[in-house]
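**Student:** Input structure-v4.csv, format and content: CSV, C-alpha atoms.
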chain,number,residue,atom,x,y,z
A,286,MET,CA,178.3,-106.0,-51.1
A,287,SER,CA,181.6,-107.1,-49.9
A,288,LEU,CA,182.3,-109.1,-46.7
A,289,ARG,CA,184.2,-106.1,-45.3
A,290,HIS,CA,181.3,-103.7,-46.0
A,291,ASP,CA,178.8,-106.1,-44.3
A,292,LEU,CA,181.1,-106.5,-41.3
A,293,ALA,CA,181.5,-102.8,-40.9
A,294,GLN,CA,177.8,-102.0,-41.3
A,295,LEU,CA,176.5,-104.7,-38.9
A,296,THR,CA,179.2,-104.0,-36.3
A,297,MET,CA,178.2,-100.3,-36.3
A,298,GLU,CA,174.5,-101.1,-36.1
A,299,LEU,CA,175.1,-103.3,-33.0
A,300,VAL,CA,177.4,-100.7,-31.4
A,301,ALA,CA,174.7,-98.0,-31.9
A,302,ILE,CA,172.4,-100.0,-29.5
A,303,PRO,CA,173.4,-98.9,-25.9
A,304,SER,CA,173.1,-102.4,-24.4
A,305,VAL,CA,174.8,-101.6,-21.1
A,306,SER,CA,174.6,-104.7,-18.8
A,307,GLU,CA,172.6,-102.9,-16.2
A,308,ASP,CA,170.1,-101.4,-18.7
A,309,ALA,CA,167.1,-103.7,-19.2
A,310,ALA,CA,165.8,-101.8,-22.2
A,311,GLY,CA,169.2,-101.8,-24.0
A,312,ARG,CA,169.7,-105.6,-23.3
A,313,ALA,CA,166.3,-106.3,-24.8
A,314,SER,CA,166.9,-104.1,-27.8
A,315,VAL,CA,170.1,-105.7,-28.9
A,316,ILE,CA,168.7,-109.2,-28.6
A,317,ASP,CA,165.6,-108.0,-30.5
A,318,ARG,CA,167.8,-106.8,-33.3
A,319,ILE,CA,169.8,-110.1,-33.5
A,320,GLU,CA,166.6,-112.1,-33.4
A,321,GLN,CA,165.2,-110.0,-36.3
A,322,PHE,CA,168.4,-110.6,-38.3
A,323,CYS,CA,168.1,-114.4,-37.7
A,324,ARG,CA,164.4,-114.6,-38.5
A,325,ALA,CA,165.0,-113.3,-42.0
A,326,LEU,CA,167.3,-116.4,-42.7
A,327,PRO,CA,166.0,-119.7,-44.1
A,328,ALA,CA,166.0,-122.8,-41.9
A,329,VAL,CA,167.4,-121.2,-38.8
A,330,HIS,CA,165.9,-122.4,-35.5
A,331,LEU,CA,165.8,-119.8,-32.7
A,332,ALA,CA,165.3,-120.3,-29.0
A,333,ARG,CA,165.1,-117.2,-26.7
A,334,TYR,CA,165.5,-117.3,-23.0
A,335,GLU,CA,165.3,-114.8,-20.2
A,336,SER,CA,166.7,-115.2,-16.7
A,337,HIS,CA,166.3,-112.5,-14.1
A,338,GLY,CA,165.6,-110.0,-16.9
A,339,PHE,CA,168.7,-110.9,-19.0
A,340,PRO,CA,167.7,-112.2,-22.5
A,341,ALA,CA,169.7,-114.7,-24.5
A,342,LEU,CA,169.3,-116.1,-28.0
A,343,VAL,CA,170.4,-119.4,-29.4
A,344,ALA,CA,170.5,-119.9,-33.2
A,345,ALA,CA,171.1,-123.3,-34.9
A,346,PHE,CA,169.8,-125.4,-37.8
A,347,ASP,CA,167.8,-127.8,-35.7
A,348,GLU,CA,166.4,-128.0,-32.2
A,349,ARG,CA,168.9,-130.4,-30.7
A,350,ARG,CA,170.7,-128.7,-27.7
A,351,HIS,CA,174.0,-130.6,-28.1
A,352,LYS,CA,176.2,-129.3,-30.8
A,353,ARG,CA,179.7,-130.2,-31.9
A,354,LEU,CA,180.6,-126.4,-31.8
A,355,VAL,CA,179.2,-123.4,-30.0
A,356,LEU,CA,180.1,-119.9,-31.2
A,357,ASN,CA,179.4,-117.4,-28.4
A,358,ALA,CA,179.2,-113.7,-28.3
A,359,HIS,CA,178.2,-111.4,-25.4
A,360,VAL,CA,176.4,-108.3,-26.6
A,361,ASP,CA,176.2,-106.4,-23.4
A,362,VAL,CA,178.7,-103.6,-22.8
A,363,VAL,CA,180.1,-101.5,-20.0
A,364,PRO,CA,178.8,-97.9,-19.6
A,365,GLY,CA,180.0,-95.3,-22.0
A,366,ARG,CA,179.5,-91.7,-23.0
A,367,PRO,CA,176.6,-91.0,-25.4
A,368,ASP,CA,179.0,-90.3,-28.2
A,369,GLN,CA,180.5,-93.7,-27.9
A,370,PHE,CA,177.2,-95.2,-29.1
A,371,ARG,CA,177.6,-93.2,-32.3
A,372,PRO,CA,180.1,-95.5,-34.1
A,373,PHE,CA,182.2,-94.5,-37.0
A,374,GLU,CA,184.8,-96.0,-39.4
A,375,ARG,CA,188.3,-94.5,-39.7
A,376,ASP,CA,191.6,-95.9,-41.1
A,377,GLY,CA,190.2,-99.5,-41.3
A,378,LYS,CA,188.8,-99.4,-37.7
A,379,ILE,CA,185.4,-99.3,-36.2
A,380,PHE,CA,185.2,-97.0,-33.2
A,381,GLY,CA,182.6,-97.2,-30.5
A,382,ARG,CA,181.6,-98.8,-27.2
A,383,GLY,CA,181.6,-102.5,-27.6
A,384,ALA,CA,183.3,-102.5,-31.0
A,385,GLN,CA,186.2,-104.6,-29.7
A,386,ASP,CA,184.4,-106.2,-26.7
A,387,MET,CA,182.7,-107.8,-28.6
A,388,LYS,CA,180.1,-106.6,-31.1
A,389,GLY,CA,182.5,-106.9,-34.0
A,390,ALA,CA,182.9,-110.6,-33.3
A,391,ALA,CA,179.1,-110.9,-32.9
A,392,ALA,CA,178.6,-109.3,-36.3
A,393,ALA,CA,181.1,-111.7,-37.9
A,394,MET,CA,179.3,-114.7,-36.3
A,395,LEU,CA,175.9,-113.4,-37.6
A,396,ILE,CA,177.2,-112.9,-41.1
A,397,LEU,CA,178.7,-116.4,-41.1
A,398,LEU,CA,175.3,-117.8,-40.0
A,399,LYS,CA,173.6,-115.8,-42.9
A,400,ALA,CA,176.1,-117.1,-45.5
A,401,LEU,CA,175.6,-120.7,-44.3
A,402,ALA,CA,171.8,-120.4,-44.2
A,403,GLU,CA,171.5,-118.8,-47.7
A,404,ALA,CA,173.9,-121.5,-49.1
A,405,GLY,CA,171.7,-124.3,-47.8
A,406,ARG,CA,174.5,-125.6,-45.5
A,407,ARG,CA,173.6,-127.0,-42.1
A,408,PRO,CA,176.6,-127.5,-39.9
A,409,ASP,CA,176.3,-129.0,-36.4
A,410,VAL,CA,176.9,-125.6,-34.8
A,411,ALA,CA,175.0,-123.3,-32.4
A,412,TRP,CA,175.3,-119.5,-32.1
A,413,GLN,CA,174.8,-118.0,-28.6
A,414,PHE,CA,174.2,-114.3,-27.9
A,415,VAL,CA,174.0,-113.3,-24.2
A,416,THR,CA,173.6,-110.0,-22.3
A,417,ASP,CA,175.3,-110.4,-18.9
A,418,GLU,CA,178.9,-111.4,-19.5
A,419,GLU,CA,180.3,-108.1,-18.2
A,420,ILE,CA,178.6,-108.7,-14.8
A,421,GLY,CA,179.3,-112.4,-14.3
A,422,GLY,CA,177.4,-114.4,-16.9
A,423,GLU,CA,175.3,-116.5,-14.5
A,424,HIS,CA,172.0,-115.5,-16.3
A,425,GLY,CA,173.4,-115.8,-19.8
A,426,VAL,CA,175.8,-118.6,-20.6
A,427,GLY,CA,175.3,-120.0,-17.1
A,428,GLU,CA,171.6,-120.3,-17.7
A,429,LEU,CA,172.0,-121.8,-21.2
A,430,LEU,CA,174.2,-124.5,-19.8
A,431,ARG,CA,171.6,-125.2,-17.2
A,432,GLN,CA,169.0,-125.4,-20.0
A,433,GLY,CA,171.0,-128.3,-21.5
A,434,TYR,CA,173.0,-126.5,-24.2
A,435,THR,CA,176.1,-128.7,-24.3
A,436,THR,CA,178.9,-129.0,-26.9
A,437,ASP,CA,182.1,-130.7,-27.8
A,438,PHE,CA,183.9,-127.3,-28.2
A,439,PHE,CA,183.0,-123.8,-27.0
A,440,LEU,CA,184.5,-120.7,-28.6
A,441,ALA,CA,183.9,-117.2,-27.2
A,442,GLY,CA,184.8,-114.5,-29.7
A,443,GLU,CA,186.4,-112.3,-27.0
A,444,PRO,CA,189.1,-109.8,-28.3
A,445,THR,CA,192.3,-111.8,-28.3
A,446,ASP,CA,194.3,-110.3,-31.3
A,447,LEU,CA,193.6,-113.6,-33.2
A,448,GLN,CA,195.5,-115.6,-30.5
A,449,ILE,CA,194.0,-118.6,-28.8
A,450,VAL,CA,193.4,-118.0,-25.1
A,451,ASP,CA,193.3,-121.4,-23.4
A,452,ARG,CA,193.8,-120.3,-19.8
A,453,ALA,CA,192.3,-117.4,-17.9
A,454,LYS,CA,192.2,-116.4,-14.3
A,455,GLY,CA,189.2,-117.0,-12.0
A,456,ILE,CA,187.6,-114.2,-10.2
A,457,VAL,CA,187.0,-113.9,-6.4
A,458,TRP,CA,185.3,-110.8,-5.1
A,459,VAL,CA,185.4,-110.5,-1.4
A,460,THR,CA,184.2,-108.0,1.2
A,461,VAL,CA,186.0,-107.9,4.6
A,462,ARG,CA,183.9,-106.2,7.3
A,463,GLN,CA,185.9,-105.4,10.5
A,464,PRO,CA,184.0,-104.4,13.6
A,465,GLY,CA,185.3,-101.7,15.9
A,466,ALA,CA,184.1,-99.6,18.9
A,467,PRO,CA,183.3,-95.9,18.3
A,468,ALA,CA,184.9,-93.1,20.3
A,469,HIS,CA,185.7,-89.4,19.9
A,470,GLY,CA,188.6,-88.9,17.5
A,471,SER,CA,190.5,-86.9,20.2
A,472,ARG,CA,190.3,-89.9,22.6
A,473,PRO,CA,191.2,-92.9,20.5
A,474,TRP,CA,192.1,-95.0,23.5
A,475,GLU,CA,188.5,-95.1,24.5
A,476,GLY,CA,187.5,-97.0,21.3
A,477,ARG,CA,188.8,-99.7,19.0
A,478,ASN,CA,189.6,-98.5,15.5
A,479,PRO,CA,188.7,-101.2,12.9
A,480,LEU,CA,190.9,-99.6,10.2
A,481,VAL,CA,194.0,-100.7,12.0
A,482,PRO,CA,193.5,-104.5,11.9
A,483,LEU,CA,192.2,-104.1,8.3
A,484,ILE,CA,195.4,-102.3,7.2
A,485,GLU,CA,197.6,-104.8,9.1
A,486,GLY,CA,195.7,-107.7,7.5
A,487,LEU,CA,196.0,-106.2,4.1
A,488,GLN,CA,199.7,-105.7,4.5
A,489,ARG,CA,200.0,-109.4,5.4
A,490,LEU,CA,197.9,-110.4,2.4
A,491,LEU,CA,200.0,-108.3,0.0
A,492,GLN,CA,203.2,-109.8,1.4
A,493,ARG,CA,201.9,-113.2,0.1
A,494,TYR,CA,200.5,-111.7,-3.1
A,495,PRO,CA,202.5,-108.5,-3.8
A,496,ILE,CA,201.1,-106.2,-6.5
A,497,PRO,CA,203.1,-106.9,-9.7
A,498,GLN,CA,204.8,-104.1,-11.6
A,499,ALA,CA,204.1,-105.8,-14.9
A,500,ALA,CA,202.0,-108.6,-16.3
A,501,GLN,CA,202.7,-111.9,-14.7
A,502,TRP,CA,200.9,-115.2,-14.7
A,503,ARG,CA,200.1,-115.5,-11.0
A,504,THR,CA,197.3,-114.7,-8.6
A,505,THR,CA,196.8,-111.1,-7.9
A,506,VAL,CA,195.0,-109.3,-5.1
A,507,THR,CA,193.7,-105.8,-5.8
A,508,PRO,CA,192.4,-103.7,-2.9
A,509,ALA,CA,189.4,-102.0,-4.5
A,510,ALA,CA,188.0,-99.9,-1.7
A,511,LEU,CA,188.6,-99.2,2.0
A,512,HIS,CA,186.0,-97.1,3.8
A,513,SER,CA,184.3,-96.6,7.1
A,514,GLY,CA,181.7,-94.0,6.2
A,515,ASP,CA,182.4,-92.1,9.3
A,516,ALA,CA,183.3,-88.5,10.4
A,517,HIS,CA,186.8,-87.0,10.6
A,518,ASN,CA,186.5,-86.7,14.4
A,519,ARG,CA,185.3,-90.2,15.3
A,520,VAL,CA,186.8,-93.7,15.7
A,521,PRO,CA,184.5,-95.6,13.3
A,522,ALA,CA,182.2,-98.4,14.4
A,523,GLU,CA,183.3,-100.6,11.5
A,524,ALA,CA,185.3,-100.5,8.4
A,525,VAL,CA,185.0,-102.4,5.1
A,526,LEU,CA,187.6,-103.5,2.6
A,527,LYS,CA,186.8,-104.7,-0.9
A,528,LEU,CA,189.2,-107.1,-2.7
A,529,ASP,CA,189.3,-108.1,-6.3
A,530,ILE,CA,191.3,-111.4,-6.5
A,531,ARG,CA,192.2,-112.9,-9.9
A,532,ARG,CA,193.5,-116.4,-9.4
A,533,VAL,CA,195.4,-118.7,-11.7
A,534,PRO,CA,193.8,-122.2,-12.2
A,535,GLU,CA,196.5,-123.7,-10.0
A,536,ASP,CA,195.5,-121.8,-6.9
A,537,ASP,CA,192.6,-123.3,-5.0
A,538,PRO,CA,189.9,-120.7,-4.0
A,539,ALA,CA,189.3,-122.5,-0.7
A,540,ALA,CA,192.9,-122.0,0.2
A,541,LEU,CA,192.7,-118.3,-0.7
A,542,LEU,CA,189.7,-117.9,1.6
A,543,ASP,CA,191.7,-119.7,4.4
A,544,LEU,CA,194.5,-117.2,3.9
A,545,LEU,CA,192.0,-114.3,4.1
A,546,ARG,CA,190.6,-115.6,7.4
A,547,ALA,CA,194.2,-115.9,8.8
A,548,CYS,CA,194.9,-112.3,7.7
A,549,PHE,CA,191.7,-110.9,9.1
A,550,PRO,CA,190.8,-113.2,12.0
A,551,GLU,CA,188.2,-110.9,13.6
A,552,ALA,CA,186.5,-109.8,10.4
A,553,GLU,CA,183.4,-111.0,8.7
A,554,ILE,CA,184.5,-112.2,5.2
A,555,THR,CA,181.8,-112.4,2.5
A,556,THR,CA,182.4,-113.8,-1.0
A,557,LEU,CA,180.3,-111.8,-3.4
A,558,HIS,CA,181.4,-113.6,-6.6
A,559,CYS,CA,183.5,-116.6,-7.3
A,560,GLY,CA,184.1,-117.3,-10.9
A,561,SER,CA,186.0,-120.4,-12.1
A,562,ALA,CA,189.2,-120.2,-14.0
A,563,LEU,CA,189.5,-121.2,-17.7
A,564,ALA,CA,191.9,-124.2,-18.2
A,565,THR,CA,191.9,-126.0,-21.6
A,566,ALA,CA,194.7,-128.3,-22.8
A,567,GLN,CA,196.5,-127.0,-26.0
A,568,ASP,CA,196.8,-130.5,-27.3
A,569,ASP,CA,193.0,-131.1,-27.1
A,570,ALA,CA,191.8,-132.4,-30.5
A,571,GLN,CA,189.2,-129.5,-30.7
A,572,VAL,CA,191.8,-126.9,-29.9
A,573,ARG,CA,194.1,-128.4,-32.5
A,574,ARG,CA,191.3,-128.1,-35.1
A,575,LEU,CA,191.0,-124.4,-34.3
A,576,ALA,CA,194.8,-123.9,-34.5
A,577,ALA,CA,194.9,-125.6,-37.9
A,578,ALA,CA,192.2,-123.3,-39.2
A,579,VAL,CA,194.1,-120.3,-37.9
A,580,GLU,CA,197.3,-121.5,-39.7
A,581,ALA,CA,195.4,-122.3,-42.9
A,582,VAL,CA,193.9,-118.8,-43.1
A,583,THR,CA,196.8,-116.7,-41.9
A,584,GLY,CA,199.7,-118.8,-43.2
A,585,ARG,CA,201.3,-118.7,-39.7
A,586,PRO,CA,201.2,-121.1,-36.8
A,587,ALA,CA,198.6,-120.3,-34.2
A,588,THR,CA,199.8,-118.6,-31.0
A,589,PHE,CA,198.5,-119.3,-27.6
A,590,ARG,CA,198.3,-117.1,-24.5
A,591,ALA,CA,197.0,-116.9,-21.0
A,592,GLU,CA,194.7,-114.0,-20.1
A,593,HIS,CA,194.0,-112.1,-16.9
A,594,PHE,CA,190.3,-111.3,-17.6
A,595,GLY,CA,187.4,-113.7,-17.1
A,596,SER,CA,184.9,-114.7,-19.8
A,597,ASP,CA,181.9,-116.9,-20.4
A,598,ALA,CA,184.2,-119.7,-21.6
A,599,ARG,CA,184.8,-120.6,-18.0
A,600,PHE,CA,181.3,-122.0,-17.6
A,601,TYR,CA,182.0,-124.8,-20.1
A,602,SER,CA,185.6,-125.3,-19.0
A,603,GLU,CA,184.2,-125.8,-15.4
A,604,VAL,CA,182.2,-128.8,-16.6
A,605,GLY,CA,185.0,-130.4,-18.5
A,606,THR,CA,184.2,-129.0,-22.0
A,607,PRO,CA,187.2,-127.7,-24.1
A,608,ALA,CA,186.6,-124.0,-24.2
A,609,VAL,CA,188.7,-121.1,-25.5
A,610,CYS,CA,188.5,-117.4,-26.3
A,611,PHE,CA,189.5,-116.4,-29.9
A,612,GLY,CA,188.6,-113.1,-31.5
A,613,PRO,CA,189.7,-110.1,-33.5
A,614,HIS,CA,192.3,-107.4,-32.9
A,615,GLY,CA,191.5,-104.0,-31.4
A,616,ALA,CA,192.3,-101.7,-28.6
A,617,GLY,CA,190.7,-99.5,-25.9
A,618,LEU,CA,188.9,-102.3,-24.0
A,619,HIS,CA,186.5,-100.6,-21.6
A,620,SER,CA,188.3,-97.3,-22.3
A,621,ASP,CA,187.3,-93.9,-23.7
A,622,GLU,CA,188.5,-94.9,-27.3
A,623,GLU,CA,187.6,-98.4,-28.2
A,624,TRP,CA,188.0,-99.8,-31.7
A,625,VAL,CA,188.2,-103.1,-33.7
A,626,SER,CA,190.2,-103.7,-36.8
A,627,LEU,CA,188.2,-104.6,-39.9
A,628,ASP,CA,191.2,-106.6,-41.3
A,629,SER,CA,191.1,-108.8,-38.2
A,630,LEU,CA,187.3,-109.1,-38.4
A,631,GLU,CA,187.7,-110.5,-41.9
A,632,THR,CA,190.4,-112.9,-40.8
A,633,PHE,CA,188.3,-113.9,-37.8
A,634,TYR,CA,185.3,-114.6,-40.1
A,635,GLN,CA,187.5,-116.8,-42.4
A,636,VAL,CA,188.9,-118.8,-39.5
A,637,LEU,CA,185.4,-119.5,-38.2
A,638,ALA,CA,184.1,-120.4,-41.7
A,639,ARG,CA,186.9,-122.9,-42.1
A,640,LEU,CA,186.3,-124.4,-38.7
A,641,VAL,CA,182.6,-124.7,-39.3
A,642,SER,CA,183.1,-126.3,-42.8
A,643,GLU,CA,184.4,-129.4,-41.1
A,644,LEU,CA,181.2,-129.9,-39.2
A,645,GLU,CA,178.7,-130.4,-42.0
Could you rewrite the structure in this file as structure tokens?
**Tutor:**
Amino acid sequence: MSLRHDLAQLTMELVAIPSVSEDAAGRASVIDRIEQFCRALPAVHLARYESHGFPALVAAFDERRHKRLVLNAHVDVVPGRPDQFRPFERDGKIFGRGAQDMKGAAAAMLILLKALAEAGRRPDVAWQFVTDEEIGGEHGVGELLRQGYTTDFFLAGEPTDLQIVDRAKGIVWVTVRQPGAPAHGSRPWEGRNPLVPLIEGLQRLLQRYPIPQAAQWRTTVTPAALHSGDAHNRVPAEAVLKLDIRRVPEDDPAALLDLLRACFPEAEITTLHCGSALATAQDDAQVRRLAAAVEAVTGRPATFRAEHFGSDARFYSEVGTPAVCFGPHGAGLHSDEEWVSLDSLETFYQVLARLVSELE
């Protein structure tokens, strides 16, 4: 069979497994299938972990936990309609939930592992497959790092249109809880409406971080929810504002929290999630190796870009390891019609194969 056929078949097989992040059965099923694939290969060492019900699998050619290169794929997905887990091929694209994000890349990584194993090649590389990237990554890549899986270079196969993402925003999810004093809606002077200071504070916050009208490389603050859970005819006892903050690496999260406290001085501010930013130097030797592999395969200089989403690459970047995202072309990320290009999956495979060939 051809590489293209194998990529299409394995991508569709993985997409057909409804491995939604919150579904324990789906998470286990997709890792079971990947483990089954790897166990059929000669000389591949496997280590399976589970943290808080989230399984992860590491494949390599020996038991050593430090590797010169880690190839990482998350195989959990966001929820989708039942038909989105019935993948199909059309016009050189694989359609289905997770095809682009990022089971196509996972399939390419597995097929590369198979080719190396069957050829008797043993590069100093590890393959990571995790199941909680879409909900933070703490029990997948975060746990593997705590288990001692270190590397000289970390590559997450996130969909990047074959560009190298060396910078990405950090995530801060915040809940602002404003107390009030309830009263009848017809006698507002007898109460203290918590919605008013929340709205005023939000206006001050958005003056500092206005909502952009187009993509810009700067910190953004997105009001995600504002509610009191009260009746129409009552001054509420409290109100809650949820904020999704995406910060550039140059903005200190502690300074952001200081600003929140200044904007909402009487509120209780809770940080639900604080994910680090990705920041890797383009002139790093490992990044240059990847760029050279991209140019050798495509015949064009590698291009770099910053990204607004977070990824598991941040865990390694946070401890000083060069880390990037690099993956195939597609569209429909988290949408109703998600697809990945088979042409780009072939290119992605060839770039990884070239990069790995230098590590034997």
**Student:** I want to know what sits within 12 Å of stretch 527-541 of chain A, based on all atoms listed in the file, with residues of the same chain fewer than 6 positions away left out; could you give that as a PDB file with C-alpha atoms, in the frame of the given file?
**Tutor:**
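That gives us selection17.pdb:
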ATOM      1  CA  ASP A 451     193.300-121.400 -23.400  1.00  0.00           C
ATOM      2  CA  ARG A 452     193.800-120.300 -19.800  1.00  0.00           C
ATOM      3  CA  ALA A 453     192.300-117.400 -17.900  1.00  0.00           C
ATOM      4  CA  LYS A 454     192.200-116.400 -14.300  1.00  0.00           C
ATOM      5  CA  GLY A 455     189.200-117.000 -12.000  1.00  0.00           C
ATOM      6  CA  ILE A 456     187.600-114.200 -10.200  1.00  0.00           C
ATOM      7  CA  VAL A 457     187.000-113.900  -6.400  1.00  0.00           C
ATOM      8  CA  TRP A 458     185.300-110.800  -5.100  1.00  0.00           C
ATOM      9  CA  VAL A 459     185.400-110.500  -1.400  1.00  0.00           C
ATOM     10  CA  THR A 460     184.200-108.000   1.200  1.00  0.00           C
ATOM     11  CA  VAL A 461     186.000-107.900   4.600  1.00  0.00           C
ATOM     12  CA  ARG A 462     183.900-106.200   7.300  1.00  0.00           C
ATOM     13  CA  GLN A 463     185.900-105.400  10.500  1.00  0.00           C
ATOM     14  CA  LEU A 483     192.200-104.100   8.300  1.00  0.00           C
ATOM     15  CA  LEU A 487     196.000-106.200   4.100  1.00  0.00           C
ATOM     16  CA  LEU A 490     197.900-110.400   2.400  1.00  0.00           C
ATOM     17  CA  LEU A 491     200.000-108.300   0.000  1.00  0.00           C
ATOM     18  CA  ARG A 493     201.900-113.200   0.100  1.00  0.00           C
ATOM     19  CA  TYR A 494     200.500-111.700  -3.100  1.00  0.00           C
ATOM     20  CA  PRO A 495     202.500-108.500  -3.800  1.00  0.00           C
ATOM     21  CA  ILE A 496     201.100-106.200  -6.500  1.00  0.00           C
ATOM     22  CA  GLN A 501     202.700-111.900 -14.700  1.00  0.00           C
ATOM     23  CA  TRP A 502     200.900-115.200 -14.700  1.00  0.00           C
ATOM     24  CA  ARG A 503     200.100-115.500 -11.000  1.00  0.00           C
ATOM     25  CA  THR A 504     197.300-114.700  -8.600  1.00  0.00           C
ATOM     26  CA  THR A 505     196.800-111.100  -7.900  1.00  0.00           C
ATOM     27  CA  VAL A 506     195.000-109.300  -5.100  1.00  0.00           C
ATOM     28  CA  THR A 507     193.700-105.800  -5.800  1.00  0.00           C
ATOM     29  CA  PRO A 508     192.400-103.700  -2.900  1.00  0.00           C
ATOM     30  CA  ALA A 509     189.400-102.000  -4.500  1.00  0.00           C
ATOM     31  CA  ALA A 510     188.000 -99.900  -1.700  1.00  0.00           C
ATOM     32  CA  LEU A 511     188.600 -99.200   2.000  1.00  0.00           C
ATOM     33  CA  HIS A 512     186.000 -97.100   3.800  1.00  0.00           C
ATOM     34  CA  SER A 513     184.300 -96.600   7.100  1.00  0.00           C
ATOM     35  CA  ALA A 547     194.200-115.900   8.800  1.00  0.00           C
ATOM     36  CA  CYS A 548     194.900-112.300   7.700  1.00  0.00           C
ATOM     37  CA  GLU A 553     183.400-111.000   8.700  1.00  0.00           C
ATOM     38  CA  ILE A 554     184.500-112.200   5.200  1.00  0.00           C
ATOM     39  CA  THR A 555     181.800-112.400   2.500  1.00  0.00           C
ATOM     40  CA  THR A 556     182.400-113.800  -1.000  1.00  0.00           C
ATOM     41  CA  LEU A 557     180.300-111.800  -3.400  1.00  0.00           C
ATOM     42  CA  HIS A 558     181.400-113.600  -6.600  1.00  0.00           C
ATOM     43  CA  CYS A 559     183.500-116.600  -7.300  1.00  0.00           C
ATOM     44  CA  GLY A 560     184.100-117.300 -10.900  1.00  0.00           C
ATOM     45  CA  SER A 561     186.000-120.400 -12.100  1.00  0.00           C
ATOM     46  CA  ALA A 562     189.200-120.200 -14.000  1.00  0.00           C
ATOM     47  CA  LEU A 563     189.500-121.200 -17.700  1.00  0.00           C
ATOM     48  CA  ALA A 564     191.900-124.200 -18.200  1.00  0.00           C
ATOM     49  CA  THR A 565     191.900-126.000 -21.600  1.00  0.00           C
ATOM     50  CA  ALA A 591     197.000-116.900 -21.000  1.00  0.00           C
ATOM     51  CA  GLU A 592     194.700-114.000 -20.100  1.00  0.00           C
ATOM     52  CA  HIS A 593     194.000-112.100 -16.900  1.00  0.00           C
ATOM     53  CA  PHE A 594     190.300-111.300 -17.600  1.00  0.00           C
ATOM     54  CA  GLY A 595     187.400-113.700 -17.100  1.00  0.00           C
ATOM     55  CA  ARG A 599     184.800-120.600 -18.000  1.00  0.00           C
ATOM     56  CA  SER A 602     185.600-125.300 -19.000  1.00  0.00           C
ATOM     57  CA  GLU A 603     184.200-125.800 -15.400  1.00  0.00           C
TER      58      GLU A 603
END
**Student:** Can I get the residues of stretch 303-419 of chain A within 10 Å of stretch 437-440 of chain A, each with the closest pair of atoms and their distance in Å to one decimal, using all atoms listed in the file, sorted chain first then ascending number, as JSON lines?
**Tutor:**
{"residue": "A:His351", "atom": "CA", "partner": "A:Asp437", "partner_atom": "CA", "distance": 8.1}
{"residue": "A:Lys352", "atom": "CA", "partner": "A:Asp437", "partner_atom": "CA", "distance": 6.8}
{"residue": "A:Arg353", "atom": "CA", "partner": "A:Asp437", "partner_atom": "CA", "distance": 4.8}
{"residue": "A:Leu354", "atom": "CA", "partner": "A:Phe438", "partner_atom": "CA", "distance": 5.0}
{"residue": "A:Val355", "atom": "CA", "partner": "A:Phe439", "partner_atom": "CA", "distance": 4.9}
{"residue": "A:Leu356", "atom": "CA", "partner": "A:Leu440", "partner_atom": "CA", "distance": 5.2}
{"residue": "A:Asn357", "atom": "CA", "partner": "A:Leu440", "partner_atom": "CA", "distance": 6.1}
{"residue": "A:Ala358", "atom": "CA", "partner": "A:Leu440", "partner_atom": "CA", "distance": 8.8}
{"residue": "A:Val410", "atom": "CA", "partner": "A:Phe438", "partner_atom": "CA", "distance": 9.8}
{"residue": "A:Ala411", "atom": "CA", "partner": "A:Phe439", "partner_atom": "CA", "distance": 9.7}
{"residue": "A:Trp412", "atom": "CA", "partner": "A:Leu440", "partner_atom": "CA", "distance": 9.9}
**Student:** At a cut-off of 12 Å around the point (170.8, -103.7, -15.7) (file coordinates), what residues fall inside when counting only C-alpha atoms? I'd like the answer as a VMD selection string.
**Tutor:** chain A and resid 303 to 313 337 to 340 361 to 364 416 to 420 424
**Student:** Could I get the residues of stretch 405-476 of chain A with an atom no further than 10 Å from an atom of stretch 627-634 of chain A, each paired with its nearest atom pair and that distance in Å to one decimal, using only C-alpha atoms, sorted by chain and residue number, as a tab-separated table?
**Tutor:**
residue	atom	partner	partner_atom	distance
A:Gly442	CA	A:Phe633	CA	8.8
A:Asp446	CA	A:Ser629	CA	7.8
A:Leu447	CA	A:Phe633	CA	7.0
**Student:** In Å, how far is it from atom CA of A:Asn518 to atom CA of A:Glu485?
**Tutor:** 21.9 Å
**Student:** For A:Leu429, which residue among A:Leu544, A:Phe373, A:Val343, A:Gly381 is the nearest when counting only C-alpha atoms?
**Tutor:**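 Closest to A:Leu429, using only C-alpha atoms: A:Val343.
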**Student:** Determine the nearest neighbour of A:Asp409 from the options A:Arg382, A:Arg371, A:Arg585, A:Arg349, counting only C-alpha atoms.
**Tutor:**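 Checking each candidate against A:Asp409, we get A:Arg349 as the closest.
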**Student:** Select, from A:Val525, A:Ala400, A:Leu292, A:Ala587, the residue with the minimum atom-to-atom distance to A:Val572, counting all atoms listed in the file.
**Tutor:** A:Ala587
**Student:** Looking at all atoms listed in the file, which of A:Pro444, A:Pro521, A:Gly584, A:Gly612 is the one that sits closest to A:Gly470?
**Tutor:**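 Among the listed residues, A:Pro521 lies closest to A:Gly470.
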**Student:** To one decimal place in Å, what is the distance between atom CA of A:Leu326 and atom CA of A:Met394?
**Tutor:**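 Going from atom CA of A:Leu326 over to atom CA of A:Met394 covers 13.7 Å.
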**Student:** Rounded to one decimal in Å, what is the spacing between atom CA of A:Gly377 and atom CA of A:Ala638?
**Tutor:**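 That distance, rounded to one decimal, is 21.8 Å.
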**Student:** Which neighbours of A:Met297 fall inside 10 Å, counting all atoms listed in the file, when residues of the same chain fewer than 2 positions from it are skipped, and could you give them as a ChimeraX atom specification?
**Tutor:** /A:291-295,299-302,370-374,379-384,388-389,392
**Student:** Kindly indicate which residue among A:Arg519, A:Thr445, A:Val579, A:Phe414 lies nearest to A:Ala466, using all atoms listed in the file for the distances.
**Tutor:**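 Checking each candidate against A:Ala466, we get A:Arg519 as the closest.
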